$ cat upload04.pdb   # PDB, C-alpha atoms
ATOM      1  CA  MET A 284     -12.126  -8.132   6.189
ATOM      2  CA  LEU A 285     -10.817  -5.638   3.640
ATOM      3  CA  ASN A 286      -7.204  -6.082   2.582
ATOM      4  CA  PHE A 287      -4.808  -3.459   1.322
ATOM      5  CA  TYR A 288      -1.288  -3.569  -0.033
ATOM      6  CA  ARG A 289       1.169  -0.757  -0.712
ATOM      7  CA  LEU A 290       1.958  -1.728  -4.286
ATOM      8  CA  PRO A 291       5.512  -0.734  -5.278
ATOM      9  CA  GLN A 292       5.540   0.793  -8.765
ATOM     10  CA  ASP A 293       7.391   3.339 -10.868
ATOM     11  CA  TYR A 294       5.550   6.107 -12.696
ATOM     12  CA  LEU A 295       6.087   7.949 -15.966
ATOM     13  CA  LYS A 296       4.623  10.886 -17.860
ATOM     14  CA  PHE A 297       4.374  11.109 -21.647
ATOM     15  CA  THR A 298       3.580  14.280 -23.593
ATOM     16  CA  GLY A 299       3.860  15.412 -27.228
ATOM     17  CA  LYS A 300       1.499  14.784 -30.121
ATOM     18  CA  ASP A 301       3.024  11.348 -30.857
ATOM     19  CA  ARG A 302       2.744  10.105 -27.261
ATOM     20  CA  LEU A 303       0.200   7.369 -28.042
ATOM     21  CA  ASP A 304       1.351   6.606 -31.573
ATOM     22  CA  LEU A 305       4.899   5.790 -30.515
ATOM     23  CA  ILE A 306       3.853   3.490 -27.680
ATOM     24  CA  ASN A 307       1.425   1.801 -30.050
ATOM     25  CA  ARG A 308       4.375   1.064 -32.385
ATOM     26  CA  LEU A 309       6.509  -0.297 -29.547
ATOM     27  CA  SER A 310       4.101  -2.456 -27.550
ATOM     28  CA  THR A 311       1.756  -5.406 -27.887
ATOM     29  CA  ASN A 312      -1.714  -3.975 -27.247
ATOM     30  CA  GLN A 313      -3.939  -1.638 -29.235
ATOM     31  CA  VAL A 314      -3.196   1.745 -27.686
ATOM     32  CA  ILE A 315      -4.849   3.955 -30.325
ATOM     33  CA  PRO A 316      -7.469   5.225 -29.837
ATOM     34  CA  LEU A 317      -7.298   5.761 -26.088
ATOM     35  CA  ASP A 318      -9.969   8.228 -25.023
ATOM     36  CA  LYS A 319      -9.602  10.621 -22.132
ATOM     37  CA  PHE A 320     -10.122   8.875 -18.792
ATOM     38  CA  SER A 321      -9.477   5.508 -20.459
ATOM     39  CA  CYS A 322      -6.652   3.159 -19.530
ATOM     40  CA  VAL A 323      -4.980   0.151 -21.100
ATOM     41  CA  LYS A 324      -2.226  -2.313 -20.270
ATOM     42  CA  THR A 325       0.386  -3.108 -22.900
ATOM     43  CA  VAL A 326       3.691  -4.967 -22.954
ATOM     44  CA  LEU A 327       6.867  -3.305 -24.188
ATOM     45  CA  THR A 328       8.859  -5.957 -26.027
ATOM     46  CA  SER A 329      12.348  -6.212 -27.496
ATOM     47  CA  ASP A 330      13.014  -7.040 -31.141
ATOM     48  CA  LYS A 331      13.173 -10.679 -30.008
ATOM     49  CA  GLY A 332       9.712 -10.442 -28.445
ATOM     50  CA  ARG A 333      11.094 -10.559 -24.885
ATOM     51  CA  ILE A 334       9.529  -8.517 -22.089
ATOM     52  CA  ILE A 335      10.840  -5.029 -21.288
ATOM     53  CA  ASP A 336       7.904  -4.293 -18.962
ATOM     54  CA  LEU A 337       4.134  -4.285 -18.591
ATOM     55  CA  LEU A 338       2.817  -0.698 -18.656
ATOM     56  CA  LYS A 339      -0.549   0.649 -17.616
ATOM     57  CA  LEU A 340      -1.410   3.853 -19.483
ATOM     58  CA  TYR A 341      -3.874   6.452 -18.190
ATOM     59  CA  ASN A 342      -4.993   9.083 -20.705
ATOM     60  CA  LEU A 343      -5.509  12.394 -18.893
ATOM     61  CA  GLY A 344      -5.939  14.387 -22.097
ATOM     62  CA  ASP A 345      -2.754  16.255 -22.950
ATOM     63  CA  ILE A 346      -0.790  13.889 -20.706
ATOM     64  CA  VAL A 347      -0.468  10.126 -20.591
ATOM     65  CA  PHE A 348       0.372   9.013 -17.073
ATOM     66  CA  ALA A 349       1.779   5.495 -16.810
ATOM     67  CA  SER A 350       2.772   2.960 -14.181
ATOM     68  CA  CYS A 351       5.477   0.360 -14.698
ATOM     69  CA  SER A 352       7.350  -2.130 -12.554
ATOM     70  CA  PHE A 353       9.199  -0.946  -9.467
ATOM     71  CA  ASN A 354      12.779   0.207 -10.119
ATOM     72  CA  ASN A 355      12.343  -0.241 -13.880
ATOM     73  CA  ALA A 356      11.461   3.289 -15.048
ATOM     74  CA  LYS A 357      14.983   4.042 -16.263
ATOM     75  CA  ASN A 358      15.071   0.852 -18.301
ATOM     76  CA  VAL A 359      11.672   1.645 -19.831
ATOM     77  CA  LEU A 360      12.710   5.199 -20.685
ATOM     78  CA  ALA A 361      15.967   3.995 -22.247
ATOM     79  CA  HIS A 362      14.011   1.551 -24.415
ATOM     80  CA  LEU A 363      11.562   4.254 -25.517
ATOM     81  CA  ASP A 364      14.370   6.700 -26.202
ATOM     82  CA  LYS A 365      16.121   4.128 -28.393
ATOM     83  CA  TYR A 366      13.174   4.174 -30.799
ATOM     84  CA  THR A 367      12.299   7.887 -30.564
ATOM     85  CA  ILE A 368      13.797   9.478 -33.669
ATOM     86  CA  MET A 369      11.677  12.218 -35.276
ATOM     87  CA  ASP A 370       8.693  11.736 -32.978
ATOM     88  CA  ASP A 371       7.163  14.499 -30.862
ATOM     89  CA  PHE A 372       7.428  12.440 -27.712
ATOM     90  CA  ILE A 373       8.613  13.749 -24.336
ATOM     91  CA  THR A 374       9.072  11.555 -21.272
ATOM     92  CA  ALA A 375       9.455  12.241 -17.564
ATOM     93  CA  ASP A 376      10.329   9.894 -14.712
ATOM     94  CA  LEU A 377       7.831  10.424 -11.870
ATOM     95  CA  SER A 378       8.885   7.378  -9.851
ATOM     96  CA  SER A 379       9.311   9.019  -6.459
ATOM     97  CA  SER A 380       6.343  11.338  -6.828
ATOM     98  CA  HIS A 381       3.424   8.884  -6.482
ATOM     99  CA  ASN A 382       2.226   5.918  -4.434
ATOM    100  CA  THR A 383      -0.271   3.129  -5.074
ATOM    101  CA  ILE A 384      -2.520   1.335  -2.628
ATOM    102  CA  LEU A 385      -4.274  -1.824  -3.812
ATOM    103  CA  ILE A 386      -7.595  -2.373  -2.041
ATOM    104  CA  PHE A 387      -9.105  -5.845  -2.431
ATOM    105  CA  GLY A 388     -11.954  -7.671  -0.777
ATOM    106  CA  ASP A 389     -15.745  -7.769  -0.949
ATOM    107  CA  LYS A 390     -16.169  -4.169   0.209
ATOM    108  CA  ALA A 391     -13.477  -2.489  -1.900
ATOM    109  CA  VAL A 392     -15.960  -0.380  -3.904
ATOM    110  CA  GLU A 393     -17.884   0.586  -0.775
ATOM    111  CA  PHE A 394     -14.623   1.578   0.918
ATOM    112  CA  ILE A 395     -13.442   3.798  -1.953
ATOM    113  CA  THR A 396     -16.861   5.454  -2.173
ATOM    114  CA  LYS A 397     -16.793   6.207   1.556
ATOM    115  CA  VAL A 398     -13.261   7.671   1.450
ATOM    116  CA  THR A 399     -13.420   9.592  -1.848
ATOM    117  CA  ARG A 400     -17.173  10.157  -2.396
ATOM    118  CA  ILE A 401     -16.697   8.677  -5.881
ATOM    119  CA  ASP A 402     -18.886   5.733  -6.839
ATOM    120  CA  THR A 403     -16.902   3.141  -8.801
ATOM    121  CA  THR A 404     -19.764   0.651  -9.107
ATOM    122  CA  GLY A 405     -19.688  -0.815 -12.595
ATOM    123  CA  LEU A 406     -16.347   0.776 -13.445
ATOM    124  CA  ASP A 407     -14.967  -0.807 -16.619
ATOM    125  CA  GLU A 408     -11.417  -2.189 -16.534
ATOM    126  CA  ASN A 409     -10.530   0.173 -19.400
ATOM    127  CA  LYS A 410     -11.784   3.277 -17.579
ATOM    128  CA  PHE A 411     -10.586   5.194 -14.547
ATOM    129  CA  LYS A 412     -11.808   8.051 -12.375
ATOM    130  CA  VAL A 413     -10.001  11.048 -10.923
ATOM    131  CA  THR A 414     -10.874  12.498  -7.528
ATOM    132  CA  GLY A 415     -11.988  16.134  -7.458
ATOM    133  CA  ALA A 416      -9.692  17.346  -4.688
ATOM    134  CA  TYR A 417      -6.098  16.219  -4.198
ATOM    135  CA  ASP A 418      -6.185  14.507  -7.606
ATOM    136  CA  ALA A 419      -5.822  10.755  -7.405
ATOM    137  CA  ILE A 420      -6.516   8.001  -9.939
ATOM    138  CA  ILE A 421      -8.927   5.151  -9.205
ATOM    139  CA  SER A 422      -9.008   2.122 -11.501
ATOM    140  CA  LEU A 423      -9.882  -1.539 -11.404
ATOM    141  CA  ASN A 424      -7.133  -4.030 -10.725
ATOM    142  CA  ASP A 425      -7.590  -6.574 -13.513
ATOM    143  CA  SER A 426      -5.447  -9.342 -12.015
ATOM    144  CA  ASP A 427      -6.986 -12.189 -10.020
ATOM    145  CA  PHE A 428      -6.427 -10.182  -6.836
ATOM    146  CA  GLY A 429      -9.325  -8.011  -7.999
ATOM    147  CA  GLY A 430     -10.161  -4.804  -6.152
ATOM    148  CA  LEU A 431      -9.141  -1.250  -6.954
ATOM    149  CA  GLU A 432      -5.853   0.582  -7.458
ATOM    150  CA  PHE A 433      -5.588   4.015  -5.875
ATOM    151  CA  ILE A 434      -2.687   6.150  -7.146
ATOM    152  CA  TYR A 435      -1.993   9.439  -5.383
ATOM    153  CA  SER A 436       0.726  12.065  -5.255
ATOM    154  CA  ALA A 437       3.356  11.488  -2.568
ATOM    155  CA  SER A 438       2.904  15.134  -1.565
ATOM    156  CA  ASP A 439      -0.721  14.296  -0.650
ATOM    157  CA  LYS A 440       0.167  11.256   1.444
ATOM    158  CA  ASP A 441      -0.841  12.794   4.779
ATOM    159  CA  PHE A 442      -4.213  13.871   3.386
ATOM    160  CA  TRP A 443      -5.140  10.513   1.880
ATOM    161  CA  GLU A 444      -3.796   8.344   4.666
ATOM    162  CA  SER A 445      -5.710  10.367   7.251
ATOM    163  CA  LYS A 446      -8.848   9.472   5.292
ATOM    164  CA  PHE A 447      -7.967   5.858   4.517
ATOM    165  CA  PHE A 448      -6.963   4.996   8.054
ATOM    166  CA  SER A 449      -9.210   7.157  10.221
ATOM    167  CA  ASP A 450     -10.675   5.440  13.271
ATOM    168  CA  GLU A 451     -14.131   5.530  11.648
ATOM    169  CA  ILE A 452     -12.944   3.790   8.476
ATOM    170  CA  VAL A 453     -10.820   1.196  10.292
ATOM    171  CA  ASN A 454     -13.679   0.345  12.660
ATOM    172  CA  GLU A 455     -16.149  -0.006   9.787
ATOM    173  CA  PHE A 456     -14.034  -2.000   7.341
ATOM    174  CA  GLY A 457     -11.471  -3.764   9.525
ATOM    175  CA  LEU A 458      -8.534  -2.930   7.278
ATOM    176  CA  ASN A 459      -5.813  -5.545   7.067
ATOM    177  CA  GLU A 460      -2.420  -4.624   5.605
ATOM    178  CA  ILE A 461      -0.774  -7.408   3.582
ATOM    179  CA  SER A 462       2.989  -7.781   3.959
ATOM    180  CA  ASP A 463       5.325  -8.128   0.969
ATOM    181  CA  THR A 464       5.900 -11.798   1.760
ATOM    182  CA  LYS A 465       2.206 -12.666   2.074
ATOM    183  CA  PHE A 466       1.383 -10.702  -1.064
ATOM    184  CA  ASP A 467       4.030 -12.581  -3.017
ATOM    185  CA  VAL A 468       2.768 -15.954  -1.789
ATOM    186  CA  LYS A 469      -0.774 -15.017  -2.814
ATOM    187  CA  ARG A 470       0.542 -13.867  -6.200
ATOM    188  CA  ILE A 471       2.163 -17.280  -6.696
ATOM    189  CA  GLU A 472      -1.051 -19.039  -5.639
ATOM    190  CA  LEU A 473      -2.980 -17.034  -8.240
ATOM    191  CA  GLY A 474      -0.392 -17.592 -10.968
ATOM    192  CA  ILE A 475       0.319 -13.903 -11.541
ATOM    193  CA  PRO A 476       3.699 -13.214 -13.208
ATOM    194  CA  ALA A 477       5.970 -10.605 -11.598
ATOM    195  CA  PHE A 478       8.552  -8.427 -13.290
ATOM    196  CA  GLY A 479      12.128  -9.563 -12.729
ATOM    197  CA  LYS A 480      10.899 -13.064 -11.919
ATOM    198  CA  GLU A 481       8.502 -14.463 -14.505
ATOM    199  CA  MET A 482       8.532 -11.374 -16.743
ATOM    200  CA  SER A 483      12.109 -10.930 -17.930
ATOM    201  CA  GLU A 484      14.480 -10.890 -20.875
ATOM    202  CA  LEU A 485      14.172 -14.706 -20.851
ATOM    203  CA  THR A 486      10.428 -14.778 -21.506
ATOM    204  CA  ASN A 487       7.796 -13.388 -23.861
ATOM    205  CA  PRO A 488       4.190 -12.331 -23.119
ATOM    206  CA  LEU A 489       2.624 -15.555 -24.407
ATOM    207  CA  GLU A 490       4.846 -17.730 -22.231
ATOM    208  CA  CYS A 491       3.760 -15.669 -19.206
ATOM    209  CA  GLY A 492       0.052 -15.936 -19.986
ATOM    210  CA  LEU A 493      -0.262 -12.232 -20.819
ATOM    211  CA  ASN A 494      -2.274 -12.913 -23.981
ATOM    212  CA  LYS A 495      -5.037 -10.468 -23.061
ATOM    213  CA  TYR A 496      -2.535  -7.622 -23.397
ATOM    214  CA  VAL A 497      -1.527  -8.713 -26.893
ATOM    215  CA  SER A 498      -3.459  -7.609 -29.981
ATOM    216  CA  PHE A 499      -3.134  -9.993 -32.915
ATOM    217  CA  THR A 500      -4.966  -7.645 -35.301
ATOM    218  CA  LYS A 501      -3.077  -4.353 -34.854
ATOM    219  CA  GLY A 502      -0.235  -3.204 -37.074
ATOM    220  CA  CYS A 503       3.449  -3.853 -36.595
ATOM    221  CA  TYR A 504       5.295  -3.206 -33.347
ATOM    222  CA  ILE A 505       8.752  -4.085 -32.066
ATOM    223  CA  GLY A 506       8.776  -7.856 -31.510
ATOM    224  CA  GLN A 507       5.488  -8.397 -33.364
ATOM    225  CA  GLU A 508       6.845 -10.834 -35.947
ATOM    226  CA  VAL A 509       8.239 -13.138 -33.286
ATOM    227  CA  ILE A 510       5.068 -13.129 -31.179
ATOM    228  CA  ALA A 511       2.750 -13.515 -34.184
ATOM    229  CA  ARG A 512       4.789 -16.485 -35.447
ATOM    230  CA  LEU A 513       4.673 -18.182 -32.045
ATOM    231  CA  ASP A 514       0.902 -17.780 -31.958
ATOM    232  CA  ALA A 515       0.191 -18.710 -35.575
ATOM    233  CA  TYR A 516       2.271 -21.886 -35.546
ATOM    234  CA  ASP A 517       1.647 -22.832 -31.905
ATOM    235  CA  LYS A 518       5.384 -22.719 -31.323
ATOM    236  CA  ILE A 519       5.520 -21.434 -27.748
ATOM    237  CA  SER A 520       8.604 -23.228 -26.469
ATOM    238  CA  LYS A 521       7.864 -23.043 -22.736
ATOM    239  CA  HIS A 522       4.941 -22.239 -20.464
ATOM    240  CA  MET A 523       4.624 -20.717 -17.019
ATOM    241  CA  VAL A 524       3.368 -23.323 -14.572
ATOM    242  CA  GLY A 525       2.515 -23.635 -10.921
ATOM    243  CA  LEU A 526       4.437 -26.258  -8.957
ATOM    244  CA  LYS A 527       3.680 -28.022  -5.694
ATOM    245  CA  ILE A 528       6.914 -28.973  -3.964
ATOM    246  CA  ASP A 529       7.235 -32.057  -1.768
ATOM    247  CA  SER A 530       9.116 -30.360   1.070
ATOM    248  CA  ASP A 531       8.283 -28.309   4.145
ATOM    249  CA  THR A 532      11.316 -26.102   3.615
ATOM    250  CA  LEU A 533      12.736 -24.370   0.559
ATOM    251  CA  PRO A 534      16.372 -23.735  -0.352
ATOM    252  CA  ASP A 535      17.919 -20.281  -0.630
ATOM    253  CA  THR A 536      16.023 -18.440  -3.378
ATOM    254  CA  SER A 537      19.111 -16.452  -4.408
ATOM    255  CA  GLU A 538      20.059 -19.558  -6.379
ATOM    256  CA  GLN A 539      18.357 -20.274  -9.706
ATOM    257  CA  PHE A 540      16.676 -23.661  -9.538
ATOM    258  CA  ARG A 541      16.602 -25.906 -12.585
ATOM    259  CA  ILE A 542      13.722 -28.281 -13.270
ATOM    260  CA  THR A 543      14.411 -31.798 -14.539
ATOM    261  CA  THR A 544      12.310 -34.801 -15.452
ATOM    262  CA  ASP A 545      13.581 -38.298 -16.222
ATOM    263  CA  GLY A 546      17.103 -36.938 -15.845
ATOM    264  CA  LYS A 547      16.623 -34.238 -18.509
ATOM    265  CA  GLU A 548      16.675 -30.500 -17.825
ATOM    266  CA  CYS A 549      13.327 -29.086 -18.891
ATOM    267  CA  GLY A 550      12.850 -25.695 -17.218
ATOM    268  CA  PHE A 551      13.613 -23.323 -14.381
ATOM    269  CA  VAL A 552      11.966 -21.897 -11.254
ATOM    270  CA  THR A 553      11.289 -18.152 -10.967
ATOM    271  CA  SER A 554       9.361 -17.713  -7.670
ATOM    272  CA  THR A 555       8.947 -19.775  -4.510
ATOM    273  CA  GLY A 556       6.932 -19.404  -1.339
ATOM    274  CA  HIS A 557       5.285 -21.257   1.514
ATOM    275  CA  SER A 558       1.498 -21.192   1.458
ATOM    276  CA  ASP A 559      -0.640 -21.894   4.515
ATOM    277  CA  ARG A 560      -3.066 -23.761   2.235
ATOM    278  CA  TYR A 561      -0.801 -25.514  -0.258
ATOM    279  CA  GLY A 562       2.558 -25.856   1.461
ATOM    280  CA  SER A 563       5.718 -25.185  -0.555
ATOM    281  CA  ILE A 564       4.826 -23.792  -3.977
ATOM    282  CA  ALA A 565       6.547 -22.196  -6.931
ATOM    283  CA  LEU A 566       6.125 -20.632 -10.344
ATOM    284  CA  GLY A 567       8.440 -21.570 -13.141
ATOM    285  CA  PHE A 568       8.711 -22.424 -16.815
ATOM    286  CA  ILE A 569       8.720 -25.887 -18.367
ATOM    287  CA  LYS A 570       9.501 -26.606 -22.007
ATOM    288  CA  THR A 571       6.331 -27.467 -23.908
ATOM    289  CA  ILE A 572       7.549 -30.913 -24.969
ATOM    290  CA  PHE A 573       7.990 -31.909 -21.312
ATOM    291  CA  LEU A 574       4.618 -30.633 -20.033
ATOM    292  CA  ASP A 575       2.599 -33.449 -18.496
ATOM    293  CA  ASN A 576       0.421 -33.245 -15.389
ATOM    294  CA  ASN A 577       1.193 -36.887 -14.639
ATOM    295  CA  ARG A 578       4.967 -36.407 -14.584
ATOM    296  CA  THR A 579       7.101 -35.926 -11.506
ATOM    297  CA  TYR A 580       9.588 -33.091 -11.772
ATOM    298  CA  LYS A 581      12.677 -32.428  -9.713
ATOM    299  CA  ILE A 582      13.793 -28.969  -8.681
ATOM    300  CA  LYS A 583      17.569 -29.115  -8.567
ATOM    301  CA  PHE A 584      19.826 -26.853  -6.550
ATOM    302  CA  SER A 585      23.418 -26.998  -5.375
ATOM    303  CA  GLU A 586      22.783 -29.205  -2.336
ATOM    304  CA  GLY A 587      20.214 -31.611  -3.718
ATOM    305  CA  ALA A 588      16.811 -31.880  -5.375
ATOM    306  CA  LEU A 589      13.138 -31.665  -4.387
ATOM    307  CA  GLU A 590      10.274 -33.540  -6.013
ATOM    308  CA  SER A 591       7.369 -31.498  -7.395
ATOM    309  CA  SER A 592       4.314 -31.773  -9.590
ATOM    310  CA  ILE A 593       2.401 -29.349 -11.823
ATOM    311  CA  ALA A 594      -0.524 -27.586 -10.151
ATOM    312  CA  GLY A 595      -3.273 -25.693 -11.891
ATOM    313  CA  MET A 596      -3.244 -21.892 -11.703
ATOM    314  CA  PRO A 597      -4.786 -20.589  -9.561
ATOM    315  CA  PHE A 598      -3.580 -23.298  -7.187
ATOM    316  CA  THR A 599      -6.203 -25.759  -5.992
ATOM    317  CA  THR A 600      -6.173 -28.301  -3.188
TER     318      THR A 600
END

$ encode --input "upload04.pdb" --output "structure tokens"
Amino acid sequence: MLNFYRLPQDYLKFTGKDRLDLINRLSTNQVIPLDKFSCVKTVLTSDKGRIIDLLKLYNLGDIVFASCSFNNAKNVLAHLDKYTIMDDFITADLSSSHNTILIFGDKAVEFITKVTRIDTTGLDENKFKVTGAYDAIISLNDSDFGGLEFIYSASDKDFWESKFFSDEIVNEFGLNEISDTKFDVKRIELGIPAFGKEMSELTNPLECGLNKYVSFTKGCYIGQEVIARLDAYDKISKHMVGLKIDSDTLPDTSEQFRITTDGKECGFVTSTGHSDRYGSIALGFIKTIFLDNNRTYKIKFSEGALESSIAGMPFTT
């Protein structure tokens, strides 16, 4: 069975001769050089090292196309504008103009080849391909979901969906659309941080396990001193963890749940869900000094508390 998910994202366009240089000075990863048809993920951080967003940059030559978290383009642009002074750097919000479909499963490459006639076998995670007609971007999804991301213009939706979901393709690959709820549960199972939940103004990239998008050898960037100090002195104050909850039901997730152990508050919950395999599960953050796989933790909310324990990420039985 081949799964697909309509991945909600915002999109941006950067032009001007300083388009890569500025982002390199404002984010965690090494953005320069970024060759044409190369892509990279990098975290925009505040001066306190907190997360503004995780961007994926696609170098199309004279244009850098980027994806960011859904409904966060304006915040990203405001942050970039704050630090654009004398730079030749022009931005555009393309949020409503594109769509992304995430294809994952054993036959994802075969599926994309059949639909687009572009072979993505052996595609590097730092490279992408562009379709010849009705330009669309194909790149690897580097999270534990795996598979391929397919970004296309909203104006070409009818064209691409007629190809993706033709009777021939559906009969051959048995496409299965994943709902938002099921996708989020799987994300929690895999320990993948989400913007607005794990990734927020309360957390930094190292706390969220985003180390692979942080260069510790590049020059200065906004928030670099804070992040470098945390790494050098092993001073990360809290860590994202997976939690197994001893309850068949979960309280209202509009409430922020606090985590306690031995009567002391030690963290907070950011995402919850009910997994067919693991029961009630969550992602959250626990202060480093309280991390212990043998401890029992309580998730406290207004009407009571639930017992939980730390689970490895990805979750295991």

$ resolve_selection --input "upload04.pdb" --expression "the PyMOL selection byres ((chain A and resi 570-576) around 9)" --output "list in words"
Lys518, Ile519, Ser520, Lys521, His522, Thr544, Cys549, Gly550, Phe568, Ile569, Asn577, Arg578, Thr579, Ser592, Ile593 and Ala594 of chain A

$ write_last_selection --input "upload04.pdb" --atoms "C-alpha atoms" --output "PDB file, in the coordinates of the input"
ATOM      1  CA  LYS A 518       5.384 -22.719 -31.323  1.00  0.00           C
ATOM      2  CA  ILE A 519       5.520 -21.434 -27.748  1.00  0.00           C
ATOM      3  CA  SER A 520       8.604 -23.228 -26.469  1.00  0.00           C
ATOM      4  CA  LYS A 521       7.864 -23.043 -22.736  1.00  0.00           C
ATOM      5  CA  HIS A 522       4.941 -22.239 -20.464  1.00  0.00           C
ATOM      6  CA  THR A 544      12.310 -34.801 -15.452  1.00  0.00           C
ATOM      7  CA  CYS A 549      13.327 -29.086 -18.891  1.00  0.00           C
ATOM      8  CA  GLY A 550      12.850 -25.695 -17.218  1.00  0.00           C
ATOM      9  CA  PHE A 568       8.711 -22.424 -16.815  1.00  0.00           C
ATOM     10  CA  ILE A 569       8.720 -25.887 -18.367  1.00  0.00           C
ATOM     11  CA  ASN A 577       1.193 -36.887 -14.639  1.00  0.00           C
ATOM     12  CA  ARG A 578       4.967 -36.407 -14.584  1.00  0.00           C
ATOM     13  CA  THR A 579       7.101 -35.926 -11.506  1.00  0.00           C
ATOM     14  CA  SER A 592       4.314 -31.773  -9.590  1.00  0.00           C
ATOM     15  CA  ILE A 593       2.401 -29.349 -11.823  1.00  0.00           C
ATOM     16  CA  ALA A 594      -0.524 -27.586 -10.151  1.00  0.00           C
TER      17      ALA A 594
END

$ atom_distance --input "upload04.pdb" --atom1 "atom CA of A:Ser378" --atom2 "atom CA of A:Asp293"
4.4 Å

$ residues_around --input "upload04.pdb" --residues "A:Ile471" --least-positions-apart "4" --cutoff "9 Å" --atoms "all atoms listed in the file" --output "PyMOL selection string"
chain A and resi 466-467+475-476+525+554-556+564-566+596-598

$ residues_around --input "upload04.pdb" --residues "A:Phe442" --least-positions-apart "3" --cutoff "12 Å" --atoms "all atoms listed in the file" --output "PyMOL selection string"
chain A and resi 398-399+416-419+435-439+445-449

$ closest_residue --input "upload04.pdb" --among "A:Glu484, A:Glu548, A:Asp517, A:Glu586" --to "A:Asp336" --atoms "all atoms listed in the file"
A:Glu484

$ residues_around --input "upload04.pdb" --residues "A:Met284" --least-positions-apart "2" --cutoff "9 Å" --atoms "only C-alpha atoms" --output "list in words"
Asn286, Gly388, Asp389, Lys390, Phe456, Gly457, Leu458 and Asn459 of chain A

$ resolve_selection --input "upload04.pdb" --expression "the PyMOL selection byres ((chain A and resi 505) around 9)" --output "count of residues only"
15

$ residues_near_point --input "upload04.pdb" --point "(-10.2, -0.6, 0.2)" --cutoff "7 Å" --atoms "all atoms listed in the file" --output "PyMOL selection string"
chain A and resi 285-287+386-387+390-391+394-395

$ atom_distance --input "upload04.pdb" --atom1 "atom CA of A:Gly479" --atom2 "atom CA of A:Leu423"
23.5 Å

$ resolve_selection --input "upload04.pdb" --expression "the PyMOL selection byres ((chain A and resi 581) around 8)" --output "PDB file with C-alpha atoms, keeping the file's coordinate frame"
ATOM      1  CA  ILE A 542      13.722 -28.281 -13.270  1.00  0.00           C
ATOM      2  CA  THR A 543      14.411 -31.798 -14.539  1.00  0.00           C
ATOM      3  CA  THR A 544      12.310 -34.801 -15.452  1.00  0.00           C
ATOM      4  CA  THR A 579       7.101 -35.926 -11.506  1.00  0.00           C
ATOM      5  CA  TYR A 580       9.588 -33.091 -11.772  1.00  0.00           C
ATOM      6  CA  ILE A 582      13.793 -28.969  -8.681  1.00  0.00           C
ATOM      7  CA  LYS A 583      17.569 -29.115  -8.567  1.00  0.00           C
ATOM      8  CA  ALA A 588      16.811 -31.880  -5.375  1.00  0.00           C
ATOM      9  CA  LEU A 589      13.138 -31.665  -4.387  1.00  0.00           C
ATOM     10  CA  GLU A 590      10.274 -33.540  -6.013  1.00  0.00           C
ATOM     11  CA  SER A 591       7.369 -31.498  -7.395  1.00  0.00           C
TER      12      SER A 591
END

$ atom_distance --input "upload04.pdb" --atom1 "atom CA of A:Val347" --atom2 "atom CA of A:His362"
17.3 Å

$ residues_around --input "upload04.pdb" --residues "A:Gly562" --least-positions-apart "5" --cutoff "9 Å" --atoms "all atoms listed in the file" --output "compact mmCIF listing (two decimals) with C-alpha atoms, in the frame of the given file"
# COMPACT_ATOMS: atom_id res chain seq x y z
CA LYS A 527 3.68 -28.02 -5.69
CA ILE A 528 6.91 -28.97 -3.96
CA ASP A 529 7.24 -32.06 -1.77
CA SER A 530 9.12 -30.36 1.07
CA ASP A 531 8.28 -28.31 4.14
CA GLY A 556 6.93 -19.40 -1.34
CA HIS A 557 5.28 -21.26 1.51
